[in-house]
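Heads up, the thing below is written out as structure tokens.
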Amino acid sequence: MIMAHPHESVRSAGIIGWPVGHSRSPALHGEWLRRYGIDGRYVKLPTTPEDLAGRLRSLEREGFVGANLTIPHKESGLLLCDELAESARRAGAVNTLVFRDGKIIGSNTDGFGFIANLQAHRVAPAAGPVLILGAGGAARAIGAALQDAGAAVTFCNRGFERAAALNTALPGTKVLDWRDRAAAVKEFALLVNATSLGMTGQPDLDMSLEHAAPDMAVADIVYAPLETPLLAAARVKNLRAVEGLGMLLHQAVPGFAAWFGVTPVVDAQLYDVVMG
């Protein structure tokens, strides 16, 4: 076990969102802080859009080492950073901030988390063409990371214009009409649900897997429930299914390492803590 030096002051980080009450990140980071014996804390920081800029500067003055940004701050947070990692530029959003030497340094770890979760489930990110359902911030971050890993990426969204905008933001990607998704699925090695459809309280995702190739993998970014209707349908067809909680867990690793100086491990015990 790696122990923090006893003379170090408590390091503070947190999650900034509006609302932020249901975030699982404090349980996740709290488990790692306990596991590695680090004198630190990770707290919920409910912040309205109007107060975001002031909140970031005040946290820095209060000695925070960094923070996560969640809905609705991931895009607007880009403009408040002094330095941006390429991951944030490619994703068009920022979710991880490090406060260092009076500067706010922003990155986006969603794509990293998605790829790491695929690999943990023994799915190669560039095994073949990828179809991403959705055209929001998560779809763009995941699409950028998969493209960087060498995959051919196609976006498919109920509103074609938003998918076309992602195609412009990430040159080299393709767009598929929503009406063609069921028939076209046979052409892809990986299907990704990057929408909120299938989440508890949301409508189900209408996506037939009837024509899926037998070696296709199916990934869902929804993690409540852990077994979404899409993943259940994939298991019925004996397709490899990749749940969404692993993305949340893996995306947190780079931030924790930057703030607290230890690269944490994602394991089965962590799943239990965060789902509990």
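FYI, nothing fancy with the structure tokens labels: chains A, B, ... in order, residues from 1 per chain, ligands from 1 as they appear.
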Per residue of segment 122-155 of chain A within 9 Å of segment 74-90 of chain A, what are the shortest atom pair and its distance in Å to one decimal, counting only C-alpha atoms, with rows by chain and residue number, as JSON lines?
{"residue": "A:Gly137", "atom": "CA", "partner": "A:Glu75", "partner_atom": "CA", "distance": 8.1}
{"residue": "A:Arg140", "atom": "CA", "partner": "A:Arg90", "partner_atom": "CA", "distance": 8.0}
{"residue": "A:Ala141", "atom": "CA", "partner": "A:Arg90", "partner_atom": "CA", "distance": 7.1}
{"residue": "A:Ala144", "atom": "CA", "partner": "A:Arg90", "partner_atom": "CA", "distance": 6.2}
{"residue": "A:Ala145", "atom": "CA", "partner": "A:Ser87", "partner_atom": "CA", "distance": 8.1}
Residues at most 12 Å from Ala268 of chain A, counting only C-alpha atoms, excluding those fewer than 4 positions away in the same chain, as a VMD selection string?
chain A and resid 120 245 to 246 249 272 to 275
Okay, now the selection with N, CA and C atoms, as a compact mmCIF listing (two decimals), in the first residue's frame?
# COMPACT_ATOMS: atom_id res chain seq x y z
N ALA A 120 -10.87 -3.95 -20.60
CA ALA A 120 -11.11 -4.78 -19.41
C ALA A 120 -12.08 -5.91 -19.72
N LEU A 245 -20.85 1.03 -16.24
CA LEU A 245 -20.24 1.50 -15.00
C LEU A 245 -18.71 1.51 -15.11
N GLY A 246 -18.15 0.55 -15.83
CA GLY A 246 -16.70 0.49 -15.97
C GLY A 246 -16.12 1.75 -16.59
N LEU A 249 -15.81 4.26 -13.85
CA LEU A 249 -14.71 3.94 -12.94
C LEU A 249 -13.35 4.23 -13.58
N ASP A 272 -18.64 -3.00 -6.42
CA ASP A 272 -19.57 -3.21 -5.30
C ASP A 272 -19.77 -1.94 -4.48
N VAL A 273 -18.68 -1.22 -4.22
CA VAL A 273 -18.76 0.01 -3.41
C VAL A 273 -19.60 1.06 -4.13
N VAL A 274 -19.34 1.26 -5.41
CA VAL A 274 -20.01 2.33 -6.15
C VAL A 274 -21.47 1.98 -6.42
N MET A 275 -21.78 0.71 -6.66
CA MET A 275 -23.17 0.32 -6.88
C MET A 275 -23.95 0.25 -5.57
Taking the DSSP secondary structure from the backbone, can you list the residues of segment 53-204 of chain A that are strand (DSSP E or B), as a PyMOL selection string?
chain A and resi 64-69+83-84+96-100+103-107+130-133+153-157+174-177+190-193
Resulting file, chosen residues, N, CA and C atoms, as an mmCIF file, in the first residue's frame:
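Final output, part.cif:
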data_model
loop_
_atom_site.group_PDB
_atom_site.id
_atom_site.type_symbol
_atom_site.label_atom_id
_atom_site.label_comp_id
_atom_site.auth_asym_id
_atom_site.auth_seq_id
_atom_site.Cartn_x
_atom_site.Cartn_y
_atom_site.Cartn_z
ATOM 1 N N PHE A 64 -7.866 23.644 -3.268
ATOM 2 C CA PHE A 64 -8.251 22.423 -3.979
ATOM 3 C C PHE A 64 -7.193 22.082 -5.026
ATOM 4 N N VAL A 65 -6.967 20.777 -5.229
ATOM 5 C CA VAL A 65 -5.983 20.347 -6.232
ATOM 6 C C VAL A 65 -6.627 20.139 -7.598
ATOM 7 N N GLY A 66 -7.970 20.056 -7.617
ATOM 8 C CA GLY A 66 -8.644 19.882 -8.895
ATOM 9 C C GLY A 66 -10.096 19.522 -8.687
ATOM 10 N N ALA A 67 -10.775 19.208 -9.792
ATOM 11 C CA ALA A 67 -12.196 18.869 -9.727
ATOM 12 C C ALA A 67 -12.622 18.163 -11.001
ATOM 13 N N ASN A 68 -13.749 17.471 -10.894
ATOM 14 C CA ASN A 68 -14.439 16.962 -12.072
ATOM 15 C C ASN A 68 -15.583 17.897 -12.421
ATOM 16 N N LEU A 69 -15.874 18.005 -13.713
ATOM 17 C CA LEU A 69 -17.052 18.729 -14.180
ATOM 18 C C LEU A 69 -18.038 17.721 -14.751
ATOM 19 N N GLU A 83 -5.256 26.076 -19.794
ATOM 20 C CA GLU A 83 -4.590 25.126 -20.699
ATOM 21 C C GLU A 83 -5.530 23.962 -20.952
ATOM 22 N N LEU A 84 -5.529 23.454 -22.196
ATOM 23 C CA LEU A 84 -6.391 22.335 -22.554
ATOM 24 C C LEU A 84 -5.572 21.191 -23.131
ATOM 25 N N THR A 96 -12.248 16.913 -16.404
ATOM 26 C CA THR A 96 -11.243 16.782 -15.345
ATOM 27 C C THR A 96 -10.364 18.022 -15.320
ATOM 28 N N LEU A 97 -10.305 18.667 -14.153
ATOM 29 C CA LEU A 97 -9.506 19.879 -13.987
ATOM 30 C C LEU A 97 -8.402 19.645 -12.966
ATOM 31 N N VAL A 98 -7.229 20.174 -13.263
ATOM 32 C CA VAL A 98 -6.128 20.194 -12.303
ATOM 33 C C VAL A 98 -5.760 21.658 -12.071
ATOM 34 N N PHE A 99 -5.693 22.055 -10.804
ATOM 35 C CA PHE A 99 -5.267 23.414 -10.447
ATOM 36 C C PHE A 99 -3.779 23.372 -10.122
ATOM 37 N N ARG A 100 -2.989 24.104 -10.923
ATOM 38 C CA ARG A 100 -1.534 24.044 -10.731
ATOM 39 C C ARG A 100 -0.920 25.403 -11.073
ATOM 40 N N LYS A 103 -3.016 28.092 -12.491
ATOM 41 C CA LYS A 103 -3.686 27.802 -13.760
ATOM 42 C C LYS A 103 -4.690 26.665 -13.608
ATOM 43 N N ILE A 104 -5.715 26.715 -14.453
ATOM 44 C CA ILE A 104 -6.694 25.632 -14.537
ATOM 45 C C ILE A 104 -6.384 24.839 -15.805
ATOM 46 N N ILE A 105 -6.037 23.571 -15.620
ATOM 47 C CA ILE A 105 -5.654 22.709 -16.743
ATOM 48 C C ILE A 105 -6.763 21.684 -16.947
ATOM 49 N N GLY A 106 -7.351 21.662 -18.147
ATOM 50 C CA GLY A 106 -8.507 20.812 -18.408
ATOM 51 C C GLY A 106 -8.211 19.674 -19.360
ATOM 52 N N SER A 107 -8.811 18.520 -19.081
ATOM 53 C CA SER A 107 -8.706 17.376 -19.988
ATOM 54 C C SER A 107 -10.050 16.660 -20.034
ATOM 55 N N VAL A 130 -17.033 0.823 -36.089
ATOM 56 C CA VAL A 130 -17.834 1.076 -34.888
ATOM 57 C C VAL A 130 -19.046 1.940 -35.248
ATOM 58 N N LEU A 131 -20.212 1.550 -34.715
ATOM 59 C CA LEU A 131 -21.427 2.352 -34.861
ATOM 60 C C LEU A 131 -21.776 2.932 -33.501
ATOM 61 N N ILE A 132 -21.811 4.267 -33.415
ATOM 62 C CA ILE A 132 -22.146 4.954 -32.168
ATOM 63 C C ILE A 132 -23.531 5.565 -32.303
ATOM 64 N N LEU A 133 -24.424 5.177 -31.403
ATOM 65 C CA LEU A 133 -25.764 5.748 -31.364
ATOM 66 C C LEU A 133 -25.746 6.951 -30.433
ATOM 67 N N VAL A 153 -15.239 5.112 -37.485
ATOM 68 C CA VAL A 153 -16.378 5.467 -36.638
ATOM 69 C C VAL A 153 -17.529 6.029 -37.471
ATOM 70 N N THR A 154 -18.745 5.532 -37.201
ATOM 71 C CA THR A 154 -19.963 6.055 -37.803
ATOM 72 C C THR A 154 -20.919 6.491 -36.695
ATOM 73 N N PHE A 155 -21.468 7.694 -36.820
ATOM 74 C CA PHE A 155 -22.450 8.197 -35.860
ATOM 75 C C PHE A 155 -23.859 8.014 -36.427
ATOM 76 N N CYS A 156 -24.797 7.689 -35.536
ATOM 77 C CA CYS A 156 -26.185 7.520 -35.928
ATOM 78 C C CYS A 156 -27.051 8.131 -34.827
ATOM 79 N N ASN A 157 -27.869 9.122 -35.180
ATOM 80 C CA ASN A 157 -28.632 9.854 -34.176
ATOM 81 C C ASN A 157 -30.044 10.103 -34.691
ATOM 82 N N LYS A 174 -18.179 8.923 -40.241
ATOM 83 C CA LYS A 174 -19.311 8.843 -41.159
ATOM 84 C C LYS A 174 -20.610 9.032 -40.387
ATOM 85 N N VAL A 175 -21.700 9.219 -41.132
ATOM 86 C CA VAL A 175 -23.023 9.387 -40.527
ATOM 87 C C VAL A 175 -23.989 8.402 -41.179
ATOM 88 N N LEU A 176 -24.802 7.749 -40.338
ATOM 89 C CA LEU A 176 -25.819 6.808 -40.811
ATOM 90 C C LEU A 176 -27.191 7.340 -40.424
ATOM 91 N N ASP A 177 -28.134 7.270 -41.349
ATOM 92 C CA ASP A 177 -29.502 7.688 -41.040
ATOM 93 C C ASP A 177 -30.101 6.762 -39.983
ATOM 94 N N LEU A 190 -18.469 -3.269 -33.461
ATOM 95 C CA LEU A 190 -18.828 -2.751 -32.142
ATOM 96 C C LEU A 190 -19.998 -1.790 -32.293
ATOM 97 N N LEU A 191 -20.992 -1.968 -31.429
ATOM 98 C CA LEU A 191 -22.136 -1.059 -31.343
ATOM 99 C C LEU A 191 -22.078 -0.378 -29.981
ATOM 100 N N VAL A 192 -22.187 0.961 -29.979
ATOM 101 C CA VAL A 192 -22.115 1.717 -28.732
ATOM 102 C C VAL A 192 -23.394 2.527 -28.553
ATOM 103 N N ASN A 193 -24.069 2.342 -27.417
ATOM 104 C CA ASN A 193 -25.167 3.242 -27.076
ATOM 105 C C ASN A 193 -24.598 4.391 -26.256
#
Interatomic distance between atom CA of Lys186 of chain A and atom CA of Gln147 of chain A?
19.8 Å
Would you please give, as number ranges by chain, all residues of segment 42-213 of chain A that DSSP assigns to alpha helix (DSSP H) based on the backbone?
A: 52-61, 86-91, 110-120, 137-148, 160-169, 181-184
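Among A:Leu166, A:Leu45, A:Ala232, A:Leu209, the residue with the shortest atom-to-atom distance to Gly92 of chain A, counting only C-alpha atoms, is A:Leu166.
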Hey, can you check how far atom CA of Arg158 of chain A sits from atom CA of Arg179 of chain A?
8.4 Å
